[in-house]
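Encoded as structure tokens, the structure appears first; notes follow it.
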Amino acid sequence: MTFVGWLQIIIYALLIFVFTKPLGIYMYRVFEGEDRPLARLFGPLERGLYAACGVDPRREQTWLQYTFALLAFSVFSLLVSYVIFRLQAVLPWNPQGLPAVSEHLSFNTAVSFTTNTNWQSYGGESTMSYLSQMAGLAWHNFTSAAAGMGIAIALARGLTRVLPEGAPRTIGNFWADLVRATVYILLPMSVVMTVVLVAGGVIQNLAPYVQVTTLEGAQQTLAMGPAASQIAIKQLGTNGGGFFNVNSSHPFENATVVTNFVECLAILLISAALTYTYGLMARSTRQGWALFAAMAALFAVGIAVAYPAESQPNAAFAGLGVDQHLGNLEGKETRFGVSASTLWAVATTDASNGSVNSMHDSFTPLGGLVPLFNIELGEVIFGGVGAGLYGMLVFVVLSVFIAGLMVGRTPEYLGKKVEAREMKLVMLYILIFPLIILGFSAWSAVVPYGVSSLNNAGPHGLSEILYAFSSAAGNNGSAFAGLNANTPWWDTAMGLAMLAGRFLMIIPALAIGGSMVGKKVVPASLGTFPTNGPLFTGLLIGVVVIVGALTFFPALCLGPIVEHFLANAGKLY
């Protein structure tokens, strides 16, 4: 570890904190304000989209109507992408003449980008045409991120709205939330970031691939393409799908230490700011800061474990004559080093981003444990845009219920009673996640068509399987990179895990919002448990960690934890 490394991490954390309030205020005005910001600039586009789609943004929806609109839009988007991938050989903007994508890979990729997972079982520059990258992938990066933001705002409305007697129990309009998130937030931020990336050396063109002669006289193909625009939304929307196979370790996708810092900063910007947006919706910014503090504390713990672990020599290389005075550099870009690589790994798995600038498969066992456990905590340490907020709010409801049990009072949150219906939905949300991960992991670990894709045996091979399904169910998209997932079994199983991890968790979250929105508000009393202070923040952190640890600790013991002890004993397996 170095002073510069820690300084970089501290500056990163401070900038996230600094941007949280102003961006949170801006997003509150977008979703809940009477007058949206920059209405003269973006208003015509917003109104034009409503007119083209026949949408009345003033007509609000119940949670069932909101959910149906989300599911219908997602199914349509998935089918469109699938068709584009299957027909890309005959579609324009394919200067390399790339063939159509196989059925199982097209299914996997269409599901992946529809669910904001962006898991990639392929190499971008050798599989996807420019049209597929832009119309099939980058477009999804906007809409899936905007949908996640809408869901978070809808749940927040359910928890914070106080409706008059007899008023419809509505939580917003999905189409309006989708359009506003895209037009007012994601598009302008992506344009600005694209310009910054191009200025920093990230490529943006539609040119054919370039053949060059190396210094040794050999021929090499340099992939081209509209990378910068896709990288901007992949980071801001916590999508993570790389334009190139090696993602943000590619110099055309991440050119310098400056672009690296900008791309890494973009991962958490919107997710962090949504906590302040929520505080404004709750009419108490301290409610939002309590959520931010819980997320920030979990983020700090991950950094405090991963950075020291990666700064130490890798025990597996002991006696091999490898110079490790700079720490574990295997699988890392020397342009970025250990600190920037570790910071990115923690940030990308705290938010369901999934982009990488190093290979997690090459991390030390404890260094690799952190990204894996970050995902398995349930996508709540800032989390994906929207997904992190609604995931943490589900844990808030659970924490309030536990607090009520401890003090012998009916649990309340923001003055609304938390009752049996809400708790059933909370438990459904929490139990779905490990069921998907552990069920598919167990299946894949015992069948020939599952283990045949592994490049490693023993505990590391188990970690690769566990990470793959954690990443899929957690809509993260990163990988340990030691697994050949482009097979019929893995493409299909991962696709099903991504669908379940996205929509079978969204439905209970929206149902909680629909259940809470119509409840009467009980005035606070001396017996009311405060949810806006450090005591509740500590309880919330404890609930998140305990639920994750009790669920996944046995599997983690068989994977990265036992690998750590074997490596220190001089054994690879």
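The chains in the structure tokens are called A, B, ... from first to last as shown; in each chain the residues are counted from 1, and the ligands are counted from 1 in the order shown.
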List as a Markdown table every residue of region 460-560 of chain A that is in contact with region 235-239 of chain A, defined as an atom at most 12 Å from one of its atoms (using only C-alpha atoms), together with the nearest atom pair and the distance in Å rounded to one decimal, sorted by chain and then rising number.
```
| residue | atom | partner | partner_atom | distance |
| --- | --- | --- | --- | --- |
| A:Asn475 | CA | A:Asn239 | CA | 8.8 |
| A:Asn476 | CA | A:Asn239 | CA | 7.8 |
| A:Gly477 | CA | A:Asn239 | CA | 7.9 |
| A:Ser478 | CA | A:Asn239 | CA | 10.1 |
```
Problem - Secondary structure check, alpha helix (DSSP H) residues of region 181-215 of chain A, as a list in words - result: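 After running DSSP on the backbone, region 181-215 of chain A has alpha helix (DSSP H) at Leu187, Pro188, Met189, Ser190, Val191, Val192, Met193, Thr194, Val195, Val196, Leu197, Val198 and Ala199 of chain A.
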Exercise for the section: List every residue of region 173-358 of chain A that DSSP, applied to the backbone of this structure, places in strand (DSSP E or B), and write the result as a count of residues only. Expected result: 10
Handout entry: Long-range neighbours of Thr531 (chain A) as a PyMOL selection string, 12 Å cut-off, only C-alpha atoms, 6 positions minimum in chain
Key = chain A and resi 279+282+284-291+294+393+396-397+399-401+403-404+411-415+524+537-540
How would the residues just picked look written out with N, CA and C atoms as an mmCIF file, in the first residue's frame?
```
data_model
loop_
_atom_site.group_PDB
_atom_site.id
_atom_site.type_symbol
_atom_site.label_atom_id
_atom_site.label_comp_id
_atom_site.auth_asym_id
_atom_site.auth_seq_id
_atom_site.Cartn_x
_atom_site.Cartn_y
_atom_site.Cartn_z
ATOM 1 N N GLY A 279 -34.275 11.341 0.496
ATOM 2 C CA GLY A 279 -34.447 12.180 1.675
ATOM 3 C C GLY A 279 -35.381 13.343 1.417
ATOM 4 N N ALA A 282 -38.870 12.075 1.355
ATOM 5 C CA ALA A 282 -39.338 11.761 2.706
ATOM 6 C C ALA A 282 -39.522 13.005 3.570
ATOM 7 N N SER A 284 -37.301 14.759 4.818
ATOM 8 C CA SER A 284 -36.264 14.769 5.854
ATOM 9 C C SER A 284 -34.975 14.271 5.213
ATOM 10 N N THR A 285 -34.074 15.197 4.912
ATOM 11 C CA THR A 285 -32.834 14.784 4.252
ATOM 12 C C THR A 285 -32.000 13.865 5.133
ATOM 13 N N ARG A 286 -32.238 13.903 6.449
ATOM 14 C CA ARG A 286 -31.501 12.996 7.333
ATOM 15 C C ARG A 286 -31.847 11.539 7.046
ATOM 16 N N GLN A 287 -33.055 11.280 6.561
ATOM 17 C CA GLN A 287 -33.410 9.911 6.169
ATOM 18 C C GLN A 287 -32.512 9.449 5.024
ATOM 19 N N GLY A 288 -32.278 10.337 4.065
ATOM 20 C CA GLY A 288 -31.404 9.990 2.954
ATOM 21 C C GLY A 288 -29.959 9.841 3.375
ATOM 22 N N TRP A 289 -29.492 10.737 4.254
ATOM 23 C CA TRP A 289 -28.106 10.645 4.710
ATOM 24 C C TRP A 289 -27.868 9.380 5.528
ATOM 25 N N ALA A 290 -28.894 8.900 6.236
ATOM 26 C CA ALA A 290 -28.745 7.647 6.996
ATOM 27 C C ALA A 290 -28.474 6.479 6.047
ATOM 28 N N LEU A 291 -29.192 6.464 4.915
ATOM 29 C CA LEU A 291 -28.948 5.415 3.921
ATOM 30 C C LEU A 291 -27.570 5.575 3.301
ATOM 31 N N ALA A 294 -24.879 4.269 5.673
ATOM 32 C CA ALA A 294 -24.803 2.808 5.712
ATOM 33 C C ALA A 294 -24.072 2.270 4.495
ATOM 34 N N LEU A 393 -33.960 0.013 0.627
ATOM 35 C CA LEU A 393 -35.233 0.333 1.275
ATOM 36 C C LEU A 393 -35.963 -0.926 1.740
ATOM 37 N N VAL A 396 -34.392 -1.639 4.862
ATOM 38 C CA VAL A 396 -34.866 -0.665 5.855
ATOM 39 C C VAL A 396 -36.163 -1.159 6.489
ATOM 40 N N VAL A 397 -37.094 -1.629 5.667
ATOM 41 C CA VAL A 397 -38.360 -2.144 6.193
ATOM 42 C C VAL A 397 -38.101 -3.333 7.116
ATOM 43 N N SER A 399 -35.331 -3.921 8.827
ATOM 44 C CA SER A 399 -34.671 -3.409 10.033
ATOM 45 C C SER A 399 -35.669 -2.757 10.979
ATOM 46 N N VAL A 400 -36.618 -2.024 10.428
ATOM 47 C CA VAL A 400 -37.658 -1.401 11.248
ATOM 48 C C VAL A 400 -38.488 -2.464 11.941
ATOM 49 N N PHE A 401 -38.793 -3.526 11.234
ATOM 50 C CA PHE A 401 -39.569 -4.624 11.824
ATOM 51 C C PHE A 401 -38.800 -5.279 12.975
ATOM 52 N N ALA A 403 -36.426 -3.877 14.766
ATOM 53 C CA ALA A 403 -36.377 -2.907 15.860
ATOM 54 C C ALA A 403 -37.684 -2.909 16.641
ATOM 55 N N GLY A 404 -38.803 -3.020 15.936
ATOM 56 C CA GLY A 404 -40.090 -3.062 16.614
ATOM 57 C C GLY A 404 -40.233 -4.289 17.501
ATOM 58 N N PRO A 411 -44.026 -2.038 14.532
ATOM 59 C CA PRO A 411 -43.008 -1.344 13.730
ATOM 60 C C PRO A 411 -43.628 -0.296 12.823
ATOM 61 N N GLU A 412 -42.974 0.855 12.751
ATOM 62 C CA GLU A 412 -43.426 1.938 11.895
ATOM 63 C C GLU A 412 -42.235 2.480 11.116
ATOM 64 N N TYR A 413 -42.532 2.943 9.905
ATOM 65 C CA TYR A 413 -41.507 3.629 9.123
ATOM 66 C C TYR A 413 -42.133 4.856 8.494
ATOM 67 N N LEU A 414 -41.559 6.011 8.793
ATOM 68 C CA LEU A 414 -42.086 7.299 8.348
ATOM 69 C C LEU A 414 -43.545 7.455 8.752
ATOM 70 N N GLY A 415 -43.867 6.925 9.909
ATOM 71 C CA GLY A 415 -45.216 7.056 10.450
ATOM 72 C C GLY A 415 -46.203 6.023 9.959
ATOM 73 N N ALA A 524 -45.442 10.832 15.298
ATOM 74 C CA ALA A 524 -44.318 10.307 16.083
ATOM 75 C C ALA A 524 -44.560 10.560 17.564
ATOM 76 N N THR A 537 -28.675 3.584 11.473
ATOM 77 C CA THR A 537 -27.683 3.260 10.444
ATOM 78 C C THR A 537 -26.889 2.018 10.838
ATOM 79 N N GLY A 538 -26.476 1.951 12.107
ATOM 80 C CA GLY A 538 -25.750 0.775 12.588
ATOM 81 C C GLY A 538 -26.600 -0.480 12.528
ATOM 82 N N LEU A 539 -27.885 -0.360 12.905
ATOM 83 C CA LEU A 539 -28.785 -1.515 12.828
ATOM 84 C C LEU A 539 -28.952 -1.969 11.388
ATOM 85 N N LEU A 540 -29.110 -1.021 10.471
ATOM 86 C CA LEU A 540 -29.286 -1.350 9.050
ATOM 87 C C LEU A 540 -28.061 -2.073 8.509
#
```
Fill in the blank from the handout: From the list A:Leu70, A:Leu206, A:Met189, A:Ala304, the nearest residue to Gln133 (chain A) using only C-alpha atoms is A:Leu206
Practice task
Determine the nearest neighbour of Gly48 (chain A) from the options A:Gln204, A:Val179, A:Ile506, A:Gly368, counting only C-alpha atoms.
Solution key: A:Val179
Practice task
Tell me which protein, DNA and RNA residues are within 6 Å of Val202 (chain A), counting only C-alpha atoms, leaving out same-chain ones fewer than 2 positions away, and put them as an MDAnalysis selection string.
Solution key: chainID A and resid 197:198 228 252:253 255
Limited to C-alpha atoms, could you put the picked residues into a file as a tab-separated table (two decimals), in the first residue's frame?
```tsv
chain	number	residue	atom	x	y	z
A	197	LEU	CA	-13.54	10.49	-22.71
A	198	VAL	CA	-12.86	11.40	-26.34
A	228	ALA	CA	-16.68	6.43	-25.98
A	252	PHE	CA	-9.12	2.33	-26.55
A	253	GLU	CA	-11.84	2.02	-23.89
A	255	ALA	CA	-6.95	5.43	-22.26
```
